[in-house]
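This is input-v9.txt (compact mmCIF, C-alpha atoms).
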```txt
# COMPACT_ATOMS: atom_id res chain seq x y z
CA MET E 2 18.93 42.71 33.44
CA MET E 3 21.84 41.85 31.14
CA ASN E 4 22.33 38.48 32.85
CA ARG E 5 18.65 37.68 32.33
CA ARG E 6 18.92 38.54 28.64
CA LEU E 7 22.00 36.37 28.24
CA LEU E 8 20.24 33.52 30.01
CA ALA E 9 17.21 33.88 27.75
CA VAL E 10 19.41 33.84 24.64
CA ALA E 11 21.23 30.77 25.93
CA LEU E 12 17.96 28.94 26.59
CA VAL E 13 16.63 29.72 23.11
CA ALA E 14 19.89 28.56 21.53
CA ALA E 15 19.80 25.34 23.52
CA LEU E 16 16.18 24.73 22.48
CA LEU E 17 16.99 25.28 18.79
CA THR E 18 19.98 22.96 19.04
CA SER E 19 17.81 20.32 20.68
CA CYS E 20 15.17 20.62 17.93
CA ARG E 21 17.80 20.23 15.22
CA ALA E 22 19.17 17.18 16.99
CA ASP E 23 15.69 15.68 17.16
CA ASP E 24 15.22 16.35 13.44
CA ASP E 25 18.50 14.57 12.67
CA HIS E 26 17.21 11.42 14.33
CA ARG E 27 13.90 11.30 12.49
CA ILE E 28 13.36 8.65 9.84
CA ARG E 29 13.56 10.40 6.48
CA VAL E 30 10.89 9.44 3.94
CA ALA E 31 11.26 10.58 0.32
CA CYS E 32 8.03 10.53 -1.71
CA VAL E 33 9.07 10.29 -5.35
CA GLY E 34 6.61 10.64 -8.19
CA ASP E 35 4.54 12.81 -10.50
CA SER E 36 1.55 15.07 -9.79
CA LEU E 37 -0.16 12.22 -7.91
CA THR E 38 2.59 12.81 -5.33
CA LEU E 39 3.03 16.55 -5.76
CA GLY E 40 -0.70 17.14 -5.50
CA GLY E 41 -3.11 17.91 -8.30
CA GLY E 42 -6.10 20.16 -8.71
CA GLU E 43 -6.53 23.65 -7.36
CA ASP E 44 -5.17 22.89 -3.88
CA ARG E 45 -1.82 21.09 -4.05
CA SER E 46 -1.78 20.81 -0.26
CA ASP E 47 -4.22 17.91 -0.66
CA ASN E 48 -1.42 15.46 -1.37
CA TYR E 49 -0.64 12.08 0.09
CA PRO E 50 2.82 12.97 1.52
CA SER E 51 1.20 15.56 3.81
CA ALA E 52 -1.35 13.00 4.97
CA LEU E 53 1.40 10.40 5.38
CA GLN E 54 3.38 12.76 7.61
CA ARG E 55 0.38 13.10 9.89
CA LEU E 56 -0.08 9.33 10.05
CA LEU E 57 3.59 8.52 10.69
CA GLY E 58 4.02 11.20 13.34
CA ASP E 59 6.92 13.20 14.71
CA GLY E 60 9.45 10.41 14.47
CA TYR E 61 9.40 10.71 10.68
CA HIS E 62 10.33 13.47 8.26
CA VAL E 63 8.28 13.06 5.08
CA ARG E 64 9.32 15.19 2.11
CA ASN E 65 7.47 15.60 -1.17
CA PHE E 66 9.62 15.17 -4.31
CA GLY E 67 6.77 14.96 -6.79
CA VAL E 68 7.07 16.58 -10.22
CA ASN E 69 4.08 17.41 -12.38
CA GLY E 70 4.14 15.37 -15.60
CA ALA E 71 7.13 13.21 -14.64
CA THR E 72 7.60 9.74 -16.12
CA ALA E 73 9.54 6.61 -15.21
CA GLY E 74 10.80 6.09 -18.77
CA ARG E 75 14.00 7.83 -19.86
CA GLU E 76 13.00 8.25 -23.52
CA THR E 77 9.75 10.06 -22.78
CA ASP E 78 8.66 13.69 -22.74
CA GLN E 79 9.59 14.31 -19.07
CA PRO E 80 11.81 11.67 -17.41
CA TYR E 81 11.92 11.96 -13.63
CA VAL E 82 15.64 11.17 -13.65
CA ARG E 83 16.29 14.44 -15.48
CA GLU E 84 14.36 16.54 -12.98
CA ALA E 85 16.07 18.54 -10.23
CA ALA E 86 13.78 16.83 -7.72
CA PHE E 87 15.56 13.54 -8.42
CA GLY E 88 18.86 14.98 -7.24
CA ARG E 89 17.22 16.60 -4.23
CA ALA E 90 15.58 13.30 -3.28
CA LYS E 91 18.96 11.58 -3.28
CA ASP E 92 20.62 14.45 -1.40
CA PHE E 93 17.93 14.06 1.27
CA LYS E 94 19.64 10.77 2.19
CA PRO E 95 16.32 9.02 2.75
CA ASN E 96 15.84 5.99 4.96
CA ILE E 97 12.63 5.17 3.08
CA VAL E 98 11.74 5.89 -0.56
CA VAL E 99 8.17 5.60 -1.82
CA ILE E 100 7.97 5.65 -5.63
CA LEU E 101 4.71 6.35 -7.45
CA LEU E 102 5.42 6.71 -11.17
CA GLY E 103 4.00 5.38 -14.42
CA THR E 104 0.77 7.28 -14.98
CA ASN E 105 2.32 9.80 -17.37
CA ASP E 106 4.04 6.96 -19.21
CA THR E 107 0.58 5.99 -20.49
CA LYS E 108 0.32 9.10 -22.66
CA ILE E 109 0.37 7.97 -26.27
CA GLN E 110 3.70 9.65 -27.10
CA ASN E 111 5.31 7.91 -24.12
CA TRP E 112 3.56 4.56 -24.43
CA ARG E 113 5.45 3.98 -27.67
CA GLN E 114 8.51 3.36 -25.46
CA VAL E 115 6.69 0.96 -23.12
CA ASP E 116 9.14 -1.84 -24.00
CA ARG E 117 11.85 0.20 -22.25
CA LEU E 118 9.76 1.16 -19.25
CA VAL E 119 10.74 -1.67 -16.91
CA ALA E 120 14.47 -1.34 -17.64
CA ASP E 121 14.33 2.44 -17.17
CA TYR E 122 12.32 2.11 -13.96
CA LYS E 123 14.87 -0.39 -12.62
CA GLY E 124 17.65 2.06 -13.41
CA LEU E 125 15.92 4.77 -11.37
CA ILE E 126 15.44 2.35 -8.48
CA GLY E 127 19.10 1.36 -8.70
CA GLU E 128 20.23 4.92 -8.07
CA PHE E 129 18.26 5.04 -4.84
CA ARG E 130 19.54 1.60 -3.85
CA ALA E 131 23.11 2.81 -4.29
CA LEU E 132 22.69 5.61 -1.74
CA GLU E 133 24.83 5.45 1.39
CA SER E 134 21.68 5.67 3.50
CA ALA E 135 20.59 2.28 2.04
CA PRO E 136 16.89 3.19 1.96
CA LYS E 137 14.00 0.79 2.14
CA ILE E 138 12.20 1.22 -1.20
CA TYR E 139 8.48 0.78 -1.77
CA LEU E 140 7.02 0.57 -5.28
CA CYS E 141 3.47 1.78 -5.79
CA VAL E 142 1.07 0.52 -8.42
CA PRO E 143 -0.49 3.78 -9.71
CA VAL E 144 -4.07 4.64 -8.85
CA PRO E 145 -6.75 4.16 -11.52
CA ALA E 146 -7.32 6.81 -14.16
CA TYR E 147 -10.90 7.43 -15.21
CA LEU E 148 -10.06 8.70 -18.68
CA ASP E 149 -9.76 7.34 -22.21
CA GLY E 150 -7.93 8.66 -25.26
CA ASP E 151 -4.37 9.59 -26.15
CA TRP E 152 -3.58 11.46 -22.95
CA ILE E 153 -3.41 9.53 -19.68
CA ASN E 154 -5.43 6.40 -20.39
CA GLY E 155 -7.25 4.25 -17.87
CA MET E 156 -6.78 0.98 -19.75
CA ARG E 157 -3.05 1.56 -20.13
CA VAL E 158 -2.73 2.50 -16.45
CA ARG E 159 -4.29 -0.86 -15.63
CA GLU E 160 -1.54 -2.56 -17.65
CA LEU E 161 1.08 -1.06 -15.33
CA GLN E 162 -0.06 -3.21 -12.40
CA PRO E 163 1.47 -6.57 -13.49
CA MET E 164 4.61 -4.80 -14.72
CA ILE E 165 5.28 -3.14 -11.37
CA GLU E 166 4.34 -6.24 -9.38
CA GLN E 167 6.81 -8.26 -11.46
CA MET E 168 9.50 -5.65 -10.85
CA GLY E 169 8.89 -5.96 -7.13
CA LYS E 170 9.40 -9.72 -7.31
CA GLU E 171 12.55 -9.46 -9.40
CA LEU E 172 14.10 -6.78 -7.20
CA ASP E 173 12.74 -8.17 -3.92
CA LEU E 174 10.96 -4.91 -3.13
CA PRO E 175 7.56 -4.43 -1.46
CA VAL E 176 4.75 -3.32 -3.75
CA ILE E 177 1.80 -1.22 -2.58
CA ASP E 178 -1.27 -1.78 -4.73
CA LEU E 179 -2.87 1.65 -4.89
CA PHE E 180 -4.86 0.65 -7.96
CA SER E 181 -6.95 -1.84 -6.04
CA ALA E 182 -7.22 0.50 -3.06
CA LEU E 183 -8.93 3.19 -5.16
CA ASP E 184 -10.50 1.10 -7.92
CA ARG E 185 -14.16 1.83 -8.76
CA ARG E 186 -14.01 5.10 -6.84
CA PRO E 187 -14.34 7.72 -9.60
CA GLU E 188 -15.85 10.20 -7.14
CA LEU E 189 -12.37 10.55 -5.61
CA PHE E 190 -10.95 11.86 -8.90
CA PRO E 191 -12.61 15.14 -9.91
CA ASP E 192 -10.63 15.41 -13.16
CA GLY E 193 -10.36 11.67 -13.73
CA VAL E 194 -6.66 11.52 -12.78
CA HIS E 195 -5.82 13.43 -9.60
CA PRO E 196 -7.30 12.33 -6.28
CA ASN E 197 -9.08 14.79 -4.04
CA ALA E 198 -8.29 15.10 -0.33
CA ASP E 199 -10.19 11.90 0.49
CA GLY E 200 -8.34 10.03 -2.27
CA ALA E 201 -4.99 11.34 -1.07
CA LYS E 202 -5.86 10.19 2.43
CA LEU E 203 -6.61 6.67 1.15
CA ILE E 204 -3.27 6.60 -0.65
CA ALA E 205 -1.47 7.72 2.50
CA GLU E 206 -3.30 5.11 4.60
CA SER E 207 -2.30 2.32 2.21
CA ILE E 208 1.35 3.39 2.27
CA HIS E 209 1.32 3.91 6.03
CA ALA E 210 -0.09 0.43 6.60
CA LYS E 211 2.74 -1.11 4.60
CA ILE E 212 5.47 0.92 6.30
CA ALA E 213 4.00 0.28 9.77
CA ALA E 214 3.86 -3.46 9.07
CA ASP E 215 7.60 -3.45 8.35
CA VAL E 216 8.58 -1.64 11.56
CA PRO E 217 9.93 -4.09 14.16
```
As structure tokens - that is how I would like this structure written.
Amino acid sequence: MMNRRLLAVALVAALLTSCRADDDHRIRVACVGDSLTLGGGEDRSDNYPSALQRLLGDGYHVRNFGVNGATAGRETDQPYVREAAFGRAKDFKPNIVVILLGTNDTKIQNWRQVDRLVADYKGLIGEFRALESAPKIYLCVPVPAYLDGDWINGMRVRELQPMIEQMGKELDLPVIDLFSALDRRPELFPDGVHPNADGAKLIAESIHAKIAADVP
């Protein structure tokens, strides 16, 4: 009986060791962003990183580093670079980084620093580029916002598109145009800003298509 117990313990230990080894060989994907990444609305499980994990499959380890309210600008009300999630994303040693920021920079108090936005965004990207894991970085053009006013503003969100596309050219980074992918689809945004499950799925599909196209 004792020998059987010892054998069972040994088998379980071997299985756990094997699982950890498999995890170590997965491609690590860090999803960096604001509540569009974290997940908005009543059910935060309806987020694009969860959908992206399902699309990429077991060979990938997708982790959500979204922060509600986070911005790309450093002189704003909630810079992502000052959030604990930023450090955790770098400690994750990602092989791929997907960045979706900018929406909260359109709030009126943050938009006053728009002239600094590109330089600050490049600084954030530079910290990921400097990682030993040398991740492949994807920049996302934020999804549309179906709101006006001094909070998140749809017209200002639209102005982010050429800025981020130009950054991609200057830094030689791929850009994923989520704005066009979800444009004229207000039904996917119950509160005008955060996508529902169907919207999150479309975001994940757009990102997956770009990552899959880059895989040899």
Pick from E:Ser134, E:Thr77, E:Asn69, E:Asn197: nearest to Asn96 in chain E, with all atoms listed in the file counted?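 Among the listed residues, E:Ser134 lies closest to Asn96 in chain E.
Taking only C-alpha atoms into account, Tyr122 in chain E lies nearest to E:Met168 out of the set E:Leu183, E:Met168, E:Ile109, E:Ala85.
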Which residues of range 99-212 of chain E come within 8 Å of range 30-37 of chain E, and what is each one's closest atom pair and distance in Å (one decimal), counting only C-alpha atoms, sorted by chain and residue number, as JSON lines?
```
{"residue": "E:Val99", "atom": "CA", "partner": "E:Cys32", "partner_atom": "CA", "distance": 4.9}
{"residue": "E:Ile100", "atom": "CA", "partner": "E:Val33", "partner_atom": "CA", "distance": 4.8}
{"residue": "E:Leu101", "atom": "CA", "partner": "E:Gly34", "partner_atom": "CA", "distance": 4.7}
{"residue": "E:Leu102", "atom": "CA", "partner": "E:Gly34", "partner_atom": "CA", "distance": 5.1}
{"residue": "E:Asn105", "atom": "CA", "partner": "E:Asp35", "partner_atom": "CA", "distance": 7.8}
{"residue": "E:His195", "atom": "CA", "partner": "E:Leu37", "partner_atom": "CA", "distance": 6.0}
{"residue": "E:Pro196", "atom": "CA", "partner": "E:Leu37", "partner_atom": "CA", "distance": 7.3}
```
Choose the residue, out of E:Ala71, E:Ile126, E:Leu118, E:Val63, that has the smallest atom-to-atom separation from Asp173 in chain E; count all atoms listed in the file.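 That would be E:Ile126, the residue with the smallest distance to Asp173 in chain E.
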Could you jot down the CA of Arg157 in chain E to CA of Ala73 in chain E separation for me, Å, one decimal place?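 Atom-to-atom, CA of Arg157 in chain E to CA of Ala73 in chain E, that is 14.4 Å.
Compared by their closest atoms to Lys94 in chain E, and using only C-alpha atoms, the residues E:Leu140, E:Leu53, E:Val82, E:Ile28 rank with E:Ile28 nearest.
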Which polymer residues have any atom within 8 Å of an atom of Thr107 in chain E, counting only C-alpha atoms, with same-chain residues fewer than 2 positions away left out, as a PyMOL selection string? chain E and resi 103-105+109+111-112+152-154+157-158
Keeping C-alpha atoms, export the residues of the selection given above as a compact mmCIF listing (two decimals), keeping the file's coordinate frame.
```txt
# COMPACT_ATOMS: atom_id res chain seq x y z
CA GLY E 103 4.00 5.38 -14.42
CA THR E 104 0.77 7.28 -14.98
CA ASN E 105 2.32 9.80 -17.37
CA ILE E 109 0.37 7.97 -26.27
CA ASN E 111 5.31 7.91 -24.12
CA TRP E 112 3.56 4.56 -24.43
CA TRP E 152 -3.58 11.46 -22.95
CA ILE E 153 -3.41 9.53 -19.68
CA ASN E 154 -5.43 6.40 -20.39
CA ARG E 157 -3.05 1.56 -20.13
CA VAL E 158 -2.73 2.50 -16.45
```
Could you check how far CA of Asn48 in chain E sits from CA of Val142 in chain E, in Å to one decimal?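 Going from CA of Asn48 in chain E over to CA of Val142 in chain E covers 16.7 Å.
Using only C-alpha atoms, the contacts of Ala120 in chain E at a cut-off of 12 Å, with sequence neighbours closer than 4 positions omitted, comprise Ala73, Gly74, Arg75, Glu76, Gln114, Val115, Asp116, Gly124, Leu125, Ile126, Gly127, Met164, Ile165, Met168, Glu171 and Leu172 of chain E.
For the choices E:Pro163, E:Pro145, E:Pro136, E:Pro175, the atom-to-atom distance to Glu188 in chain E is smallest for E:Pro145 when using all atoms listed in the file.
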As an exercise, work out the distance from CA of Glu166 in chain E to CA of Thr72 in chain E in Å and give it to one decimal place. 17.6 Å
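Between Ala90 in chain E and the candidates E:Ser46, E:Ser181, E:Asn65, E:Thr38, the tightest atom-to-atom separation, counting only C-alpha atoms, involves E:Asn65.
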Draw an axis-aligned box tight on the listed atoms of range 143-157 of chain E, then pad every side by 6 Å and write out centre and edge lengths in Å to one decimal as JSON.
```
{"center_x": -5.7, "center_y": 6.2, "center_z": -17.5, "size_x": 22.4, "size_y": 22.5, "size_z": 29.3}
```
